[in-house]
Amino acid sequence: MLYLTGRDIDSRLNISSAVEVVEAALRDLVIQRSVNLDRQTMNLKNGTFRSMAAYVATSNSVGIKVGFWSSEFRGDVEPARSSETILLYDPLTGELLTLIRSHFLNRVRTAAATAVAIRRLASPNASVLAIFGTGPHADAQVRGCMAVRPIARLYVCSRTSAHAEEFAARFRHDFAIDVRPVGHADNSWLGEAEIVITATSSAVPVFDGDDLRQGALVVSIGSSYEGRRELDDQVYRRAEVVVVDSKEQAVREASGDVLGPIASGAVTWDRMMELGDVLSSTNTGAVPTEHIVIFKCLGMAVYDVAVARMAYNIARAEGLGRELPA
């Protein structure tokens with residue numbers, strides 16, 4: 001059994017490659033070649049334990065991700081700590097192939113999933129991106145978006161100006177694009193963004209839906225818990241279609257950004273689609289890019305297993321990691 005840490009594989013994980021394996025896994029899920037078990041959550045006194053599992057047909061891999069998030073809902077008192085582990089098995093022999101501990105893999109799989117959505121839902125020539133948030137997930141989200149769209153201008157919005165400046169400097173260094181750090185006081189710039197990504201820990205909406213341009217794609221990856229929202233009702237009222245990765249998981253987790261606007265009447269279930277269905281041949285062209293479209297990413301186990309298998313293959317090919325006794 002191969003033991004891998006972020007130190008072994010993080011620098012080898014390529015978001016562009018991850019986009020392809022995640023899309024393949026989603027397509028297989030639609031035709032029921034793959035299997036996804038929704039996230040299970042156990043809330044304890046000092047944190048939250050979660051598990052999610054999947055079988056991915058394209059790589060013939062089955063795996064589970066487990067993790068304990070300590071003090072998750074007391075981040076204003078003390079920093080939240082998390083520990084995620086992915087176990088990947090060979091479904092033919094039952095062999096445990098690898099145990100992976102990498103926070104970066106989690107960011108890559110999420111960025112790959114949203115890049116799949118962006119490639120299908122955003123205008124093909126979209127070149128202006130706005131990102132709300134400046135944490136590690138926001139960084140991966142921007143890189144994922146840039147892998148599938150010709151981004152020439154990036155607006156970086158944070159409540160902390162120093163964080164926005166640091167984030168902007170990093171992307172100016174890494175890419176030859178126009179990067180502009182902005183604050184929340186004046187969102188007039190938001191009307192220029194063709195793609196808007198929210199990657200925050202905010203419990204309340206981070207912008208006014210009236211500020212969006214017509215035809216924008218809005219991607220939300222944060223605030224997936226009950227009563228927490230990144231997007232206001234107006235975004236949903238203006239949206240032609242709302243896409244989620246799993247309706248069942250949205251209900252199971254009581255996602256505030258899905259159930260909140262449904263409860264208020266801002267959107268109805270019949271205006272919601274699943275990402276896998278959008279990718280299927282029977283739905284080609286079903287989402288009009290001239291209207292506002294929302295993609296709410298909750299995260300699915302097929303993403304984790306698909307990218308974990310990619311990481312395992314790279315590690316085997318390059319002799320990375322450490323062998324542990326079975």
# chains A, B, ... in the order shown; residues from 1 in each chain; ligands from 1

call {"tool": "select_by_dssp", "arguments": {"residues": "region 10-56 of chain A", "states": "helix (DSSP H, G or I)", "output": "list in words"}}
result
Asp10, Ser11, Arg12, Ile15, Ser16, Ser17, Ala18, Val19, Glu20, Val21, Val22, Glu23, Ala24, Ala25, Leu26, Arg27, Asp28, Leu29 and Val30 of chain A

call {"tool": "write_last_selection", "arguments": {"atoms": "N, CA and C atoms", "output": "short mmCIF file (atom, residue, chain, number, x, y, z; two decimals), in the first residue's frame"}}
result
data_model
loop_
_atom_site.label_atom_id
_atom_site.label_comp_id
_atom_site.auth_asym_id
_atom_site.auth_seq_id
_atom_site.Cartn_x
_atom_site.Cartn_y
_atom_site.Cartn_z
N ASP A 10 1.63 17.16 -4.30
CA ASP A 10 1.01 18.44 -4.59
C ASP A 10 1.57 19.11 -5.85
N SER A 11 2.88 19.12 -6.00
CA SER A 11 3.50 19.80 -7.14
C SER A 11 3.25 19.06 -8.45
N ARG A 12 2.80 17.80 -8.37
CA ARG A 12 2.55 17.01 -9.57
C ARG A 12 1.10 17.07 -10.03
N ILE A 15 -4.26 20.89 -12.63
CA ILE A 15 -5.70 21.13 -12.66
C ILE A 15 -6.28 20.82 -14.04
N SER A 16 -5.56 21.14 -15.10
CA SER A 16 -6.07 20.86 -16.45
C SER A 16 -6.33 19.37 -16.64
N SER A 17 -5.42 18.54 -16.17
CA SER A 17 -5.61 17.09 -16.27
C SER A 17 -6.76 16.64 -15.38
N ALA A 18 -6.88 17.25 -14.20
CA ALA A 18 -7.94 16.89 -13.28
C ALA A 18 -9.31 17.21 -13.86
N VAL A 19 -9.42 18.27 -14.65
CA VAL A 19 -10.68 18.63 -15.29
C VAL A 19 -11.18 17.47 -16.15
N GLU A 20 -10.27 16.85 -16.89
CA GLU A 20 -10.68 15.78 -17.80
C GLU A 20 -11.15 14.54 -17.04
N VAL A 21 -10.45 14.16 -15.97
CA VAL A 21 -10.85 12.95 -15.24
C VAL A 21 -12.13 13.18 -14.46
N VAL A 22 -12.34 14.40 -13.96
CA VAL A 22 -13.59 14.70 -13.24
C VAL A 22 -14.77 14.70 -14.21
N GLU A 23 -14.59 15.28 -15.39
CA GLU A 23 -15.69 15.29 -16.36
C GLU A 23 -16.03 13.86 -16.80
N ALA A 24 -15.01 13.04 -17.03
CA ALA A 24 -15.26 11.65 -17.41
C ALA A 24 -16.03 10.91 -16.32
N ALA A 25 -15.68 11.15 -15.06
CA ALA A 25 -16.37 10.51 -13.95
C ALA A 25 -17.83 10.95 -13.88
N LEU A 26 -18.08 12.23 -14.11
CA LEU A 26 -19.45 12.74 -14.08
C LEU A 26 -20.29 12.15 -15.22
N ARG A 27 -19.70 12.05 -16.39
CA ARG A 27 -20.43 11.47 -17.52
C ARG A 27 -20.79 10.01 -17.24
N ASP A 28 -19.87 9.29 -16.63
CA ASP A 28 -20.15 7.89 -16.28
C ASP A 28 -21.23 7.80 -15.20
N LEU A 29 -21.26 8.78 -14.32
CA LEU A 29 -22.27 8.78 -13.25
C LEU A 29 -23.67 8.92 -13.84
N VAL A 30 -23.81 9.74 -14.87
CA VAL A 30 -25.11 9.96 -15.50
C VAL A 30 -25.66 8.66 -16.09
#

call {"tool": "residues_around", "arguments": {"residues": "region 257-264 of chain A", "least_positions_apart": "3", "cutoff": "8 Å", "atoms": "only C-alpha atoms", "output": "ChimeraX atom specification"}}
result
/A:223-224,227-233,236,250-251,254,267-269,296

call {"tool": "write_last_selection", "arguments": {"atoms": "N, CA and C atoms", "output": "PDB file, in the first residue's frame"}}
result
ATOM      1  N   SER A 223     -19.923  28.151   1.910  1.00  0.00           N
ATOM      2  CA  SER A 223     -21.173  28.257   2.675  1.00  0.00           C
ATOM      3  C   SER A 223     -22.200  27.195   2.307  1.00  0.00           C
ATOM      4  N   SER A 224     -21.801  25.932   2.365  1.00  0.00           N
ATOM      5  CA  SER A 224     -22.699  24.842   1.969  1.00  0.00           C
ATOM      6  C   SER A 224     -23.550  24.314   3.111  1.00  0.00           C
ATOM      7  N   GLY A 227     -28.518  27.493   6.608  1.00  0.00           N
ATOM      8  CA  GLY A 227     -28.592  28.867   7.088  1.00  0.00           C
ATOM      9  C   GLY A 227     -27.456  29.759   6.637  1.00  0.00           C
ATOM     10  N   ARG A 228     -26.505  29.230   5.869  1.00  0.00           N
ATOM     11  CA  ARG A 228     -25.373  30.042   5.405  1.00  0.00           C
ATOM     12  C   ARG A 228     -25.514  30.266   3.902  1.00  0.00           C
ATOM     13  N   ARG A 229     -25.266  31.514   3.473  1.00  0.00           N
ATOM     14  CA  ARG A 229     -25.458  31.870   2.075  1.00  0.00           C
ATOM     15  C   ARG A 229     -24.277  32.687   1.564  1.00  0.00           C
ATOM     16  N   GLU A 230     -23.866  32.455   0.325  1.00  0.00           N
ATOM     17  CA  GLU A 230     -22.943  33.356  -0.376  1.00  0.00           C
ATOM     18  C   GLU A 230     -23.696  34.219  -1.391  1.00  0.00           C
ATOM     19  N   LEU A 231     -24.839  33.727  -1.865  1.00  0.00           N
ATOM     20  CA  LEU A 231     -25.604  34.395  -2.925  1.00  0.00           C
ATOM     21  C   LEU A 231     -26.961  34.837  -2.402  1.00  0.00           C
ATOM     22  N   ASP A 232     -27.389  36.047  -2.801  1.00  0.00           N
ATOM     23  CA  ASP A 232     -28.686  36.542  -2.330  1.00  0.00           C
ATOM     24  C   ASP A 232     -29.814  36.057  -3.236  1.00  0.00           C
ATOM     25  N   ASP A 233     -31.040  36.314  -2.821  1.00  0.00           N
ATOM     26  CA  ASP A 233     -32.205  35.863  -3.580  1.00  0.00           C
ATOM     27  C   ASP A 233     -32.249  36.475  -4.975  1.00  0.00           C
ATOM     28  N   TYR A 236     -30.745  34.497  -7.739  1.00  0.00           N
ATOM     29  CA  TYR A 236     -31.590  33.378  -8.154  1.00  0.00           C
ATOM     30  C   TYR A 236     -32.794  33.849  -8.974  1.00  0.00           C
ATOM     31  N   ALA A 250     -27.745  18.305  -1.843  1.00  0.00           N
ATOM     32  CA  ALA A 250     -28.149  19.639  -1.402  1.00  0.00           C
ATOM     33  C   ALA A 250     -29.217  19.560  -0.322  1.00  0.00           C
ATOM     34  N   VAL A 251     -30.150  18.624  -0.496  1.00  0.00           N
ATOM     35  CA  VAL A 251     -31.209  18.439   0.503  1.00  0.00           C
ATOM     36  C   VAL A 251     -30.644  17.802   1.760  1.00  0.00           C
ATOM     37  N   ALA A 254     -28.813  20.261   3.679  1.00  0.00           N
ATOM     38  CA  ALA A 254     -29.589  21.483   3.943  1.00  0.00           C
ATOM     39  C   ALA A 254     -28.813  22.719   3.506  1.00  0.00           C
ATOM     40  N   VAL A 267     -36.442  30.782  -6.352  1.00  0.00           N
ATOM     41  CA  VAL A 267     -36.196  29.771  -7.378  1.00  0.00           C
ATOM     42  C   VAL A 267     -37.039  28.545  -7.042  1.00  0.00           C
ATOM     43  N   THR A 268     -37.318  27.726  -8.036  1.00  0.00           N
ATOM     44  CA  THR A 268     -38.080  26.495  -7.826  1.00  0.00           C
ATOM     45  C   THR A 268     -37.267  25.309  -8.326  1.00  0.00           C
ATOM     46  N   TRP A 269     -37.605  24.124  -7.849  1.00  0.00           N
ATOM     47  CA  TRP A 269     -36.862  22.919  -8.218  1.00  0.00           C
ATOM     48  C   TRP A 269     -36.848  22.685  -9.721  1.00  0.00           C
ATOM     49  N   LYS A 296     -23.847  25.817  -8.223  1.00  0.00           N
ATOM     50  CA  LYS A 296     -23.528  25.629  -6.808  1.00  0.00           C
ATOM     51  C   LYS A 296     -22.808  24.303  -6.658  1.00  0.00           C
TER      52      LYS A 296
END

call {"tool": "residues_around", "arguments": {"residues": "region 311-317 of chain A", "least_positions_apart": "3", "cutoff": "12 Å", "atoms": "only C-alpha atoms", "output": "PyMOL selection string"}}
result
chain A and resi 1-15+17-18+21+59+61+86-90+96-102+104-106+108-109+304-308+320-323

call {"tool": "atom_distance", "arguments": {"atom1": "CA of His184 (chain A)", "atom2": "CA of Val128 (chain A)"}}
result
18.0 Å

call {"tool": "closest_residue", "arguments": {"among": "A:Val148, A:Ala203, A:Ala130, A:Ala140", "to": "Gly183 (chain A)", "atoms": "only C-alpha atoms"}}
result
A:Ala130
